[in-house]
>>> print(open('input_4.cif').read())   # mmCIF, C-alpha atoms
data_run
#
loop_
_atom_site.label_atom_id
_atom_site.label_comp_id
_atom_site.auth_asym_id
_atom_site.auth_seq_id
_atom_site.Cartn_x
_atom_site.Cartn_y
_atom_site.Cartn_z
CA MET A 1 -37.81 9.82 37.49
CA GLY A 2 -40.24 8.55 34.91
CA ALA A 3 -39.57 7.54 31.38
CA ALA A 4 -41.03 10.83 30.24
CA SER A 5 -37.90 12.61 31.48
CA ILE A 6 -35.72 10.89 28.87
CA ALA A 7 -35.30 13.17 25.93
CA PRO A 8 -36.29 11.50 22.67
CA ALA A 9 -33.51 10.81 20.18
CA PRO A 10 -33.69 12.86 17.00
CA ALA A 11 -36.00 11.08 14.58
CA GLY A 12 -33.37 10.85 11.83
CA VAL A 13 -30.98 8.90 14.03
CA GLN A 14 -33.65 6.41 15.06
CA LEU A 15 -34.64 5.79 11.46
CA ALA A 16 -31.08 5.28 10.28
CA THR A 17 -30.33 2.63 12.89
CA ALA A 18 -33.70 0.92 12.56
CA ARG A 19 -33.35 0.41 8.80
CA ARG A 20 -30.38 -1.96 9.00
CA PRO A 21 -30.83 -5.05 11.16
CA PRO A 22 -27.49 -6.36 12.48
CA GLY A 23 -26.20 -9.42 10.68
CA ARG A 24 -25.75 -12.87 12.23
CA VAL A 25 -22.93 -15.09 11.00
CA ASP A 26 -21.29 -18.35 12.02
CA SER A 27 -17.67 -17.35 11.45
CA VAL A 28 -15.62 -14.19 11.31
CA LEU A 29 -14.71 -15.26 7.76
CA ASP A 30 -18.32 -14.63 6.75
CA LEU A 31 -17.56 -10.97 7.42
CA VAL A 32 -14.86 -10.84 4.72
CA GLY A 33 -15.95 -8.98 1.59
CA ASN A 34 -19.42 -7.64 0.79
CA THR A 35 -18.17 -4.27 1.94
CA PRO A 36 -20.32 -1.16 1.71
CA LEU A 37 -19.97 1.14 -1.29
CA LEU A 38 -19.64 4.64 0.06
CA ARG A 39 -20.42 7.89 -1.82
CA LEU A 40 -17.70 10.52 -1.43
CA GLY A 41 -20.19 13.32 -1.92
CA ARG A 42 -18.13 16.17 -0.55
CA ILE A 43 -15.11 15.21 -2.65
CA ASP A 44 -17.07 14.76 -5.89
CA ALA A 45 -19.03 17.97 -5.35
CA GLU A 46 -16.42 19.77 -7.47
CA CYS A 47 -17.25 17.50 -10.44
CA PRO A 48 -20.88 18.11 -11.47
CA GLY A 49 -22.45 15.10 -13.14
CA VAL A 50 -19.79 12.70 -11.90
CA GLN A 51 -20.23 10.46 -8.84
CA LEU A 52 -17.30 9.16 -6.83
CA TRP A 53 -17.83 5.97 -4.81
CA ALA A 54 -15.42 3.89 -2.73
CA LYS A 55 -15.42 0.32 -1.43
CA ALA A 56 -15.06 0.51 2.36
CA GLU A 57 -12.47 -2.24 2.68
CA PHE A 58 -11.59 -1.15 6.22
CA ALA A 59 -14.89 -2.84 7.15
CA ASN A 60 -13.29 -6.25 6.64
CA PRO A 61 -12.68 -8.00 10.00
CA GLY A 62 -8.88 -7.76 9.70
CA GLY A 63 -9.26 -4.08 8.84
CA SER A 64 -8.09 -4.14 5.24
CA VAL A 65 -8.72 -5.25 1.67
CA LYS A 66 -6.08 -7.96 2.22
CA ASP A 67 -8.63 -10.13 4.04
CA ARG A 68 -10.11 -10.98 0.65
CA ALA A 69 -6.90 -12.30 -0.91
CA ALA A 70 -5.67 -14.01 2.26
CA SER A 71 -8.92 -15.91 2.81
CA ARG A 72 -9.12 -16.99 -0.83
CA ILE A 73 -5.43 -18.01 -0.90
CA ILE A 74 -5.86 -20.17 2.21
CA GLU A 75 -9.21 -21.65 1.18
CA ASP A 76 -7.86 -22.60 -2.27
CA ALA A 77 -4.70 -24.07 -0.71
CA LEU A 78 -6.85 -26.15 1.63
CA ALA A 79 -8.93 -27.38 -1.31
CA ARG A 80 -5.76 -28.41 -3.18
CA GLY A 81 -4.31 -30.09 -0.10
CA ASP A 82 -1.37 -27.65 0.16
CA LEU A 83 -2.53 -26.78 3.68
CA GLY A 84 -4.48 -28.70 6.31
CA ASP A 85 -1.83 -31.42 6.58
CA GLY A 86 -0.11 -29.76 9.51
CA ARG A 87 2.14 -27.57 7.40
CA ARG A 88 2.45 -23.91 8.32
CA LEU A 89 1.68 -21.09 5.92
CA LEU A 90 4.89 -19.07 5.64
CA ASP A 91 5.22 -15.60 4.13
CA SER A 92 7.21 -12.42 4.53
CA THR A 93 5.00 -9.49 5.44
CA SER A 94 4.68 -7.07 8.30
CA GLY A 95 1.69 -5.28 6.80
CA ASN A 96 -1.99 -5.90 6.16
CA THR A 97 -1.39 -9.25 4.45
CA GLY A 98 0.28 -10.55 7.62
CA ILE A 99 -2.67 -9.46 9.73
CA ALA A 100 -5.09 -11.02 7.24
CA TYR A 101 -3.21 -14.35 7.14
CA SER A 102 -3.11 -14.35 10.93
CA LEU A 103 -6.86 -13.76 11.23
CA VAL A 104 -7.81 -16.37 8.63
CA GLY A 105 -5.28 -18.83 10.07
CA ALA A 106 -6.78 -18.47 13.54
CA ALA A 107 -10.31 -18.88 12.15
CA LEU A 108 -9.44 -22.06 10.19
CA GLU A 109 -6.86 -23.44 12.65
CA ILE A 110 -4.05 -23.14 10.10
CA PRO A 111 -0.69 -22.31 11.76
CA ILE A 112 0.96 -19.20 10.34
CA THR A 113 4.62 -18.13 10.31
CA LEU A 114 5.57 -14.63 9.20
CA VAL A 115 9.06 -13.35 8.46
CA MET A 116 9.56 -9.64 9.11
CA PRO A 117 12.55 -7.37 9.65
CA GLU A 118 13.40 -7.23 13.35
CA ASN A 119 12.90 -3.46 13.33
CA VAL A 120 9.20 -3.36 12.40
CA SER A 121 7.26 -1.35 14.94
CA LEU A 122 5.90 -3.09 18.03
CA PRO A 123 2.19 -2.83 17.12
CA ARG A 124 2.80 -4.75 13.90
CA LYS A 125 4.37 -7.56 15.88
CA GLN A 126 1.67 -7.50 18.54
CA ILE A 127 -1.32 -7.64 16.20
CA THR A 128 -0.09 -10.73 14.34
CA LYS A 129 1.21 -12.44 17.50
CA GLY A 130 -2.16 -11.81 19.11
CA PHE A 131 -3.74 -14.24 16.63
CA GLY A 132 -1.17 -16.90 17.61
CA THR A 133 1.10 -16.31 14.61
CA GLU A 134 4.76 -17.33 14.89
CA LEU A 135 7.21 -14.55 14.02
CA VAL A 136 10.68 -15.02 12.56
CA TYR A 137 12.87 -11.94 12.43
CA SER A 138 15.19 -11.09 9.56
CA ASP A 139 18.20 -8.75 9.53
CA PRO A 140 16.95 -5.19 10.16
CA MET A 141 19.56 -3.78 7.78
CA GLU A 142 18.17 -5.80 4.87
CA GLY A 143 14.61 -4.40 5.06
CA SER A 144 11.60 -6.10 3.50
CA ASP A 145 13.73 -7.66 0.75
CA GLY A 146 15.75 -9.44 3.44
CA ALA A 147 12.51 -10.85 4.86
CA ILE A 148 11.48 -12.15 1.42
CA VAL A 149 14.85 -13.83 0.93
CA LEU A 150 14.75 -15.48 4.37
CA ALA A 151 11.16 -16.69 3.85
CA ARG A 152 12.06 -18.27 0.50
CA LYS A 153 15.10 -19.90 2.06
CA LEU A 154 13.08 -21.38 4.95
CA ALA A 155 10.40 -22.64 2.55
CA ALA A 156 12.97 -24.25 0.25
CA GLU A 157 14.85 -25.88 3.13
CA GLN A 158 11.79 -27.22 4.92
CA PRO A 159 9.08 -28.02 2.36
CA ASP A 160 7.45 -30.48 4.77
CA ARG A 161 7.07 -27.76 7.39
CA TYR A 162 6.07 -24.77 5.27
CA TYR A 163 3.65 -23.86 2.49
CA TYR A 164 4.78 -20.65 0.78
CA PRO A 165 1.80 -19.03 -1.01
CA ASN A 166 3.65 -16.12 -2.75
CA GLN A 167 0.76 -13.67 -3.13
CA TYR A 168 2.55 -11.98 -6.05
CA ALA A 169 2.25 -15.10 -8.19
CA ASN A 170 -0.87 -16.67 -6.69
CA ASP A 171 -3.99 -16.72 -8.89
CA SER A 172 -6.20 -16.93 -5.78
CA ASN A 173 -5.16 -13.34 -5.07
CA TRP A 174 -6.76 -11.77 -8.15
CA ARG A 175 -9.60 -14.32 -8.18
CA ALA A 176 -10.77 -13.00 -4.80
CA HIS A 177 -11.51 -9.71 -6.57
CA TYR A 178 -12.74 -11.30 -9.81
CA ASP A 179 -15.39 -13.25 -7.86
CA GLY A 180 -15.91 -10.70 -5.09
CA THR A 181 -15.02 -7.04 -5.41
CA ALA A 182 -16.00 -6.73 -9.09
CA LEU A 183 -19.42 -8.36 -8.71
CA GLU A 184 -20.14 -6.31 -5.60
CA ILE A 185 -19.33 -3.08 -7.46
CA TRP A 186 -21.49 -4.18 -10.39
CA GLU A 187 -24.46 -4.93 -8.13
CA GLN A 188 -24.00 -1.95 -5.82
CA THR A 189 -23.94 0.48 -8.78
CA ARG A 190 -26.70 -1.51 -10.56
CA GLY A 191 -24.38 -1.84 -13.54
CA LYS A 192 -23.88 1.93 -13.77
CA VAL A 193 -20.14 1.91 -12.97
CA THR A 194 -18.18 3.65 -15.74
CA HIS A 195 -14.65 3.75 -14.26
CA PHE A 196 -12.66 1.70 -11.76
CA VAL A 197 -9.45 3.16 -10.33
CA ALA A 198 -7.06 1.39 -7.94
CA GLY A 199 -3.40 1.37 -6.99
CA ILE A 200 -1.04 -1.49 -7.77
CA GLY A 201 0.60 -3.41 -4.92
CA THR A 202 0.53 -7.10 -5.71
CA SER A 203 -1.90 -5.98 -8.47
CA GLY A 204 -4.52 -8.47 -7.25
CA THR A 205 -7.24 -5.84 -6.70
CA ILE A 206 -6.86 -4.02 -10.02
CA VAL A 207 -6.26 -7.13 -12.16
CA GLY A 208 -9.08 -9.27 -10.73
CA THR A 209 -11.65 -6.47 -10.53
CA SER A 210 -10.82 -5.05 -13.98
CA ARG A 211 -10.87 -8.46 -15.65
CA ARG A 212 -14.42 -9.14 -14.40
CA LEU A 213 -15.75 -5.62 -14.97
CA HIS A 214 -14.55 -5.74 -18.60
CA GLU A 215 -16.40 -9.04 -19.05
CA LEU A 216 -19.57 -7.49 -17.64
CA ASP A 217 -19.27 -4.33 -19.76
CA PRO A 218 -16.29 -3.76 -22.09
CA GLU A 219 -17.00 -0.01 -21.99
CA ILE A 220 -15.95 0.29 -18.32
CA ARG A 221 -12.56 2.01 -18.09
CA CYS A 222 -10.16 0.44 -15.59
CA ILE A 223 -7.20 2.55 -14.53
CA GLY A 224 -4.21 1.45 -12.47
CA MET A 225 -2.38 3.87 -10.19
CA GLN A 226 1.33 3.72 -9.32
CA PRO A 227 3.65 5.92 -7.27
CA ASP A 228 5.32 8.40 -9.62
CA ASP A 229 8.83 7.42 -8.51
CA ALA A 230 10.82 4.58 -6.97
CA TRP A 231 11.39 6.92 -4.00
CA HIS A 232 7.89 7.24 -2.56
CA GLY A 233 5.93 7.05 0.67
CA LEU A 234 2.76 5.24 -0.45
CA GLU A 235 2.97 2.08 1.61
CA GLY A 236 1.74 -1.06 -0.07
CA LEU A 237 1.99 0.39 -3.59
CA LYS A 238 4.57 -0.52 -6.20
CA HIS A 239 6.40 1.63 -8.72
CA ILE A 240 6.44 -1.09 -11.35
CA PRO A 241 9.28 0.29 -13.56
CA SER A 242 11.72 -0.01 -10.64
CA SER A 243 10.24 -3.11 -8.96
CA LEU A 244 10.08 -6.81 -9.43
CA VAL A 245 6.93 -7.13 -11.56
CA PRO A 246 4.32 -9.32 -9.83
CA GLU A 247 3.68 -12.47 -11.86
CA ILE A 248 -0.10 -11.92 -11.67
CA TYR A 249 0.20 -8.36 -13.05
CA ASP A 250 -1.46 -8.20 -16.47
CA GLU A 251 -1.21 -4.79 -18.08
CA ARG A 252 -3.69 -5.84 -20.77
CA VAL A 253 -6.61 -5.48 -18.35
CA LEU A 254 -5.81 -1.80 -17.83
CA ASP A 255 -7.12 1.06 -19.95
CA GLY A 256 -4.62 3.51 -18.50
CA THR A 257 -2.18 4.35 -15.71
CA ILE A 258 -2.14 7.29 -13.31
CA TRP A 259 1.19 8.29 -11.73
CA MET A 260 0.66 9.53 -8.18
CA GLY A 261 2.88 11.71 -6.03
CA THR A 262 3.27 10.90 -2.35
CA ASP A 263 2.16 14.36 -1.23
CA GLU A 264 -1.05 14.27 -3.31
CA GLY A 265 -1.94 10.89 -1.78
CA TRP A 266 -1.12 11.94 1.79
CA ASP A 267 -3.03 15.21 1.39
CA MET A 268 -6.10 13.31 0.20
CA SER A 269 -5.92 11.04 3.26
CA GLU A 270 -6.14 14.13 5.46
CA ARG A 271 -8.92 15.58 3.35
CA LEU A 272 -10.94 12.36 3.57
CA ALA A 273 -10.73 12.47 7.37
CA GLN A 274 -11.80 16.09 7.57
CA GLN A 275 -14.41 16.25 4.80
CA GLU A 276 -15.82 12.72 4.68
CA ALA A 277 -15.02 11.60 8.27
CA LEU A 278 -12.99 8.72 6.84
CA PHE A 279 -9.69 8.21 8.67
CA VAL A 280 -7.94 6.02 6.09
CA GLY A 281 -4.38 5.04 5.16
CA HIS A 282 -2.18 6.65 2.54
CA SER A 283 -2.86 4.08 -0.16
CA ALA A 284 -6.59 4.81 0.22
CA GLY A 285 -5.80 8.52 -0.04
CA ALA A 286 -3.79 7.92 -3.20
CA ASN A 287 -6.63 5.83 -4.67
CA VAL A 288 -9.17 8.59 -4.06
CA ALA A 289 -6.76 11.25 -5.39
CA ALA A 290 -6.35 9.22 -8.59
CA ALA A 291 -10.11 8.65 -8.87
CA LEU A 292 -10.71 12.37 -8.36
CA ARG A 293 -8.39 13.13 -11.28
CA VAL A 294 -10.60 10.87 -13.42
CA CYS A 295 -13.75 12.60 -12.12
CA LYS A 296 -12.31 16.04 -12.92
CA ALA A 297 -11.33 15.01 -16.44
CA LEU A 298 -14.87 13.73 -17.07
CA ALA A 299 -16.47 16.87 -15.64
CA ALA A 300 -14.17 19.07 -17.73
CA GLU A 301 -15.46 17.31 -20.85
CA GLY A 302 -19.04 17.75 -19.67
CA LYS A 303 -19.48 13.99 -19.31
CA GLU A 304 -21.31 12.04 -16.62
CA GLY A 305 -19.73 9.11 -14.83
CA VAL A 306 -19.80 6.71 -11.91
CA VAL A 307 -16.21 6.33 -10.72
CA VAL A 308 -15.38 3.62 -8.16
CA THR A 309 -12.22 3.19 -6.11
CA VAL A 310 -11.05 1.38 -2.97
CA LEU A 311 -10.43 2.49 0.62
CA CYS A 312 -7.79 -0.14 1.46
CA ASP A 313 -7.55 0.31 5.22
CA ARG A 314 -7.82 2.65 8.19
CA GLY A 315 -5.26 5.31 9.04
CA ASP A 316 -4.69 4.11 12.59
CA ARG A 317 -2.50 1.37 11.13
CA TYR A 318 0.08 4.04 10.33
CA PHE A 319 0.58 5.96 13.53
CA GLY A 320 4.16 7.11 13.77
CA PRO A 321 6.48 5.02 15.90
CA LEU A 322 7.44 6.17 19.37
CA LYS A 323 10.74 7.75 20.28
CA TRP A 324 12.28 4.60 21.68
CA GLU A 325 11.46 2.56 18.59
CA LYS A 326 14.48 3.95 16.83
CA HIS A 327 15.14 1.60 13.97
CA TYR A 328 11.58 1.13 12.98
CA VAL A 329 9.92 0.65 9.72
CA TRP A 330 6.14 0.85 9.76
CA MET B 1 33.14 14.21 7.39
CA ALA B 2 30.06 12.12 8.10
CA THR B 3 29.16 8.88 6.34
CA VAL B 4 25.74 9.09 4.68
CA HIS B 5 23.92 5.84 3.89
CA ILE B 6 22.00 6.14 0.61
CA PRO B 7 18.82 4.01 0.19
CA PRO B 8 18.54 1.91 -3.00
CA ALA B 9 15.88 4.17 -4.59
CA LEU B 10 18.23 7.20 -4.43
CA ARG B 11 21.44 5.53 -5.56
CA LYS B 12 20.86 6.63 -9.15
CA TYR B 13 22.04 10.05 -7.94
CA THR B 14 25.21 8.66 -6.32
CA GLN B 15 26.27 6.51 -9.27
CA GLY B 16 25.26 3.45 -7.29
CA GLN B 17 27.30 4.28 -4.18
CA GLU B 18 25.69 2.89 -1.01
CA GLU B 19 27.48 5.33 1.25
CA VAL B 20 29.16 8.66 0.63
CA SER B 21 31.28 11.00 2.77
CA VAL B 22 29.83 14.48 3.24
CA GLU B 23 30.88 17.57 5.24
CA GLY B 24 28.42 19.50 7.40
CA GLY B 25 28.12 20.66 11.01
CA ASN B 26 24.39 20.04 11.08
CA VAL B 27 21.84 18.16 8.99
CA ARG B 28 20.84 21.24 6.98
CA ASP B 29 24.45 21.90 5.88
CA LEU B 30 25.09 18.22 5.30
CA LEU B 31 22.05 17.86 3.01
CA GLY B 32 23.09 21.03 1.16
CA ASN B 33 26.55 19.61 0.54
CA LEU B 34 25.05 16.27 -0.47
CA GLU B 35 23.01 18.10 -3.14
CA SER B 36 26.13 19.94 -4.34
CA SER B 37 27.99 16.66 -4.79
CA PHE B 38 25.05 14.74 -6.23
CA PRO B 39 22.67 17.17 -7.97
CA GLY B 40 19.01 16.18 -7.79
CA ILE B 41 19.17 14.14 -4.60
CA GLY B 42 18.35 17.08 -2.31
CA GLU B 43 14.81 17.71 -3.51
CA ARG B 44 13.97 14.06 -2.99
CA ILE B 45 14.76 14.45 0.71
CA VAL B 46 13.52 17.99 1.45
CA ASP B 47 10.51 19.78 -0.03
CA ASP B 48 10.44 23.18 -1.73
CA LYS B 49 10.03 24.87 1.66
CA GLY B 50 13.23 23.23 2.87
CA ALA B 51 11.60 20.81 5.33
CA VAL B 52 12.34 17.08 5.35
CA ARG B 53 9.62 15.39 3.32
CA ARG B 54 6.86 13.77 5.40
CA PHE B 55 7.65 10.24 4.25
CA VAL B 56 11.40 10.49 4.80
CA ASN B 57 13.24 9.73 8.05
CA VAL B 58 16.74 11.01 8.70
CA PHE B 59 18.84 9.43 11.45
CA VAL B 60 22.05 10.84 12.88
CA ALA B 61 24.03 8.32 14.91
CA ASP B 62 20.89 6.17 15.25
CA GLU B 63 18.68 9.03 16.44
CA ASP B 64 15.67 10.25 14.43
CA ILE B 65 16.22 13.98 13.85
CA ARG B 66 12.47 14.60 14.39
CA PHE B 67 13.05 13.76 18.05
CA MET B 68 16.16 15.96 18.16
CA ASP B 69 16.65 19.37 16.53
CA ASN B 70 15.39 18.48 13.04
CA LEU B 71 17.57 20.14 10.40
CA GLU B 72 19.60 21.89 13.13
CA THR B 73 20.64 18.54 14.63
CA ALA B 74 24.42 18.59 15.05
CA VAL B 75 26.55 16.23 12.97
CA LYS B 76 29.98 15.28 14.29
CA ASP B 77 32.99 14.03 12.40
CA GLY B 78 32.57 10.31 11.82
CA ASP B 79 28.80 10.25 12.49
CA GLU B 80 26.69 7.86 10.47
CA VAL B 81 23.68 9.48 8.78
CA SER B 82 20.87 7.36 7.31
CA ILE B 83 18.10 8.41 4.94
CA VAL B 84 15.19 5.98 5.11
CA PRO B 85 11.69 6.01 3.58
CA ALA B 86 9.11 5.73 6.36
CA ILE B 87 7.35 2.71 4.90
CA ALA B 88 7.91 -1.00 5.06
CA GLY B 89 7.34 -1.13 1.33
CA GLY B 90 5.79 -3.57 -1.06
CA ARG B 91 2.93 -5.03 0.87
#
>>> encode(input="input_4.cif", output="structure tokens")
Amino acid sequence: MGAASIAPAPAGVQLATARRPPGRVDSVLDLVGNTPLLRLGRIDAECPGVQLWAKAEFANPGGSVKDRAASRIIEDALARGDLGDGRRLLDSTSGNTGIAYSLVGAALEIPITLVMPENVSLPRKQITKGFGTELVYSDPMEGSDGAIVLARKLAAEQPDRYYYPNQYANDSNWRAHYDGTALEIWEQTRGKVTHFVAGIGTSGTIVGTSRRLHELDPEIRCIGMQPDDAWHGLEGLKHIPSSLVPEIYDERVLDGTIWMGTDEGWDMSERLAQQEALFVGHSAGANVAAALRVCKALAAEGKEGVVVTVLCDRGDRYFGPLKWEKHYVW
Amino acid sequence: MATVHIPPALRKYTQGQEEVSVEGGNVRDLLGNLESSFPGIGERIVDDKGAVRRFVNVFVADEDIRFMDNLETAVKDGDEVSIVPAIAGGR
């Protein structure tokens, strides 16, 4: 068999792969941030004159937008001397933040302890443990609030053993987006961004990004999205009126709020997979659903716009638990 | 009578009660009677087609009804029924 028998690849495929040389970095932490900005062309097709773009945060090495805040929180704590003296970073999270802390901790040789309810699903325990993270289990009946209470108790009792970063009150959280996400969006849209839309969890993404975008161009509209009720299924997002308000949340940086229903967010996650080939989580779906509302409002007024939102993570983080994992929470 | 555990976000419908006693031979009847006693709570648990909402888990005696007979799952006297949002919440 000679080489001539190998069918040539379609020219388009060859060109697409040849254009982008693979990167070379010294540390996995160099892969945090600088995420691609992705056009959602099939979603925004219903809004002539308006472009919808999304930051592909699932491309972070820990798989979510939380890599940005976790790496900045740990780097700033190291610079202040709060970490690096043998103390362990301690927090209560079974979600993306726990994975991000675990990854950054492994990369920088900072020991990590996470408190989570004993009933979180097995994959959540395995991912963080895989990085060498120590897990402490809280009462399954008390849920995530019980984990927060136990983490605060451990940190208060053993200040020489633990550093408790409290991402809800930590300025490094929003600064990661002020210095990163916002500038990336500005550069990637060549200053053409007109709207930024993102959901509120700790509020780090929306507060940091909006603060910087408003400095770059006060005309940019920054819109926060919240679940429309305390009883919702948009993991990672907060219904502020019924929640403890994060200390870093600053409503003044917002030009408006969109209230999102769980079904609209979940439906958009499915639509993104089928129409844009993006298998993303429900908070990403809710972000795009909120951004699409903005796009539609602009198009209805006959206006042009460049609307940017965030794809927080991939959907495979939210596979349903298995039958024998009875008392799970995701 | 079964004992139904009400999650914090739905306790505004039960005047703050964490658990309530409700009649019902299966989950469908039980949720119907729950709505009769505490108007408004039913549509937070089931959608307008009558199915349990996608982000809500219902357990009868520690078993997820999705792995049993869904709304037809039998409820016995003294069973504990839990209504739980399917998310870890917050972060």
>>> resolve_selection(input="input_4.cif", expression="the PyMOL selection byres ((chain B) within 12 of (chain A))", output="VMD selection string")
chain B and resid 5 to 13 41 43 to 45 47 53 to 68 82 to 91
>>> atom_distance(input="input_4.cif", atom1="atom CA of Leu38 of chain A", atom2="atom CA of Leu278 of chain A")
10.3 Å
>>> resolve_selection(input="input_4.cif", expression="the PyMOL selection byres ((chain A and resi 291-295) around 12)", output="VMD selection string")
chain A and resid 40 to 54 194 to 199 221 to 225 256 to 260 264 to 265 268 272 284 to 290 296 to 311
>>> atom_distance(input="input_4.cif", atom1="atom CA of Tyr162 of chain A", atom2="atom CA of Leu89 of chain A")
5.8 Å
>>> atom_distance(input="input_4.cif", atom1="atom CA of Tyr178 of chain A", atom2="atom CA of Lys55 of chain A")
14.6 Å
>>> residues_around(input="input_4.cif", residues="Val20 of chain B", least_positions_apart="4", cutoff="12 Å", atoms="all atoms listed in the file", output="ChimeraX atom specification")
/B:1-7,11,13-16,30-31,33-35,37-38,78-83
>>> resolve_selection(input="input_4.cif", expression="the PyMOL selection byres ((chain A and resi 67) around 8)", output="list of chain:residue names")
A:Val32, A:Gly33, A:Asn60, A:Pro61, A:Gly62, A:Gly63, A:Ser64, A:Val65, A:Lys66, A:Arg68, A:Ala69, A:Ala70, A:Ser71, A:Thr97, A:Ala100, A:Tyr101, A:Val104
>>> residues_near_point(input="input_4.cif", point="(5.1, -25.9, 8.8)", cutoff="7 Å", atoms="all atoms listed in the file", output="VMD selection string")
chain A and resid 86 to 89 160 to 163
>>> write_last_selection(input="input_4.cif", atoms="C-alpha atoms", output="compact mmCIF listing (two decimals), in the frame of the given file")
# COMPACT_ATOMS: atom_id res chain seq x y z
CA GLY A 86 -0.11 -29.76 9.51
CA ARG A 87 2.14 -27.57 7.40
CA ARG A 88 2.45 -23.91 8.32
CA LEU A 89 1.68 -21.09 5.92
CA ASP A 160 7.45 -30.48 4.77
CA ARG A 161 7.07 -27.76 7.39
CA TYR A 162 6.07 -24.77 5.27
CA TYR A 163 3.65 -23.86 2.49
>>> build_atoms(input="input_4.cif", residues="segment 211-227 of chain A", atoms="N, CA and C atoms", output="compact mmCIF listing (two decimals), in the frame of the given file")
# COMPACT_ATOMS: atom_id res chain seq x y z
N ARG A 211 -10.59 -7.34 -14.74
CA ARG A 211 -10.87 -8.46 -15.65
C ARG A 211 -12.37 -8.76 -15.66
N ARG A 212 -13.00 -8.82 -14.47
CA ARG A 212 -14.42 -9.14 -14.40
C ARG A 212 -15.30 -8.00 -14.90
N LEU A 213 -14.94 -6.76 -14.53
CA LEU A 213 -15.75 -5.62 -14.97
C LEU A 213 -15.76 -5.52 -16.50
N HIS A 214 -14.61 -5.79 -17.13
CA HIS A 214 -14.55 -5.74 -18.60
C HIS A 214 -15.42 -6.84 -19.22
N GLU A 215 -15.52 -7.97 -18.54
CA GLU A 215 -16.40 -9.04 -19.05
C GLU A 215 -17.86 -8.61 -18.95
N LEU A 216 -18.19 -7.91 -17.86
CA LEU A 216 -19.57 -7.49 -17.64
C LEU A 216 -19.95 -6.35 -18.58
N ASP A 217 -19.02 -5.46 -18.87
CA ASP A 217 -19.27 -4.33 -19.76
C ASP A 217 -17.92 -3.82 -20.29
N PRO A 218 -17.60 -4.15 -21.54
CA PRO A 218 -16.29 -3.76 -22.09
C PRO A 218 -16.08 -2.24 -22.12
N GLU A 219 -17.14 -1.46 -21.95
CA GLU A 219 -17.00 -0.01 -21.99
C GLU A 219 -16.44 0.57 -20.69
N ILE A 220 -16.46 -0.22 -19.61
CA ILE A 220 -15.95 0.29 -18.32
C ILE A 220 -14.44 0.50 -18.45
N ARG A 221 -14.00 1.68 -18.03
CA ARG A 221 -12.56 2.01 -18.09
C ARG A 221 -11.92 1.65 -16.75
N CYS A 222 -10.84 0.88 -16.80
CA CYS A 222 -10.16 0.44 -15.59
C CYS A 222 -8.74 1.01 -15.59
N ILE A 223 -8.44 1.77 -14.55
CA ILE A 223 -7.20 2.55 -14.53
C ILE A 223 -6.37 2.18 -13.31
N GLY A 224 -5.13 1.78 -13.56
CA GLY A 224 -4.21 1.45 -12.47
C GLY A 224 -3.46 2.69 -12.01
N MET A 225 -3.13 2.74 -10.73
CA MET A 225 -2.38 3.87 -10.19
C MET A 225 -1.07 3.35 -9.59
N GLN A 226 0.02 4.08 -9.89
CA GLN A 226 1.33 3.72 -9.32
C GLN A 226 1.98 4.97 -8.74
N PRO A 227 2.84 4.79 -7.73
CA PRO A 227 3.65 5.92 -7.27
C PRO A 227 4.45 6.46 -8.45
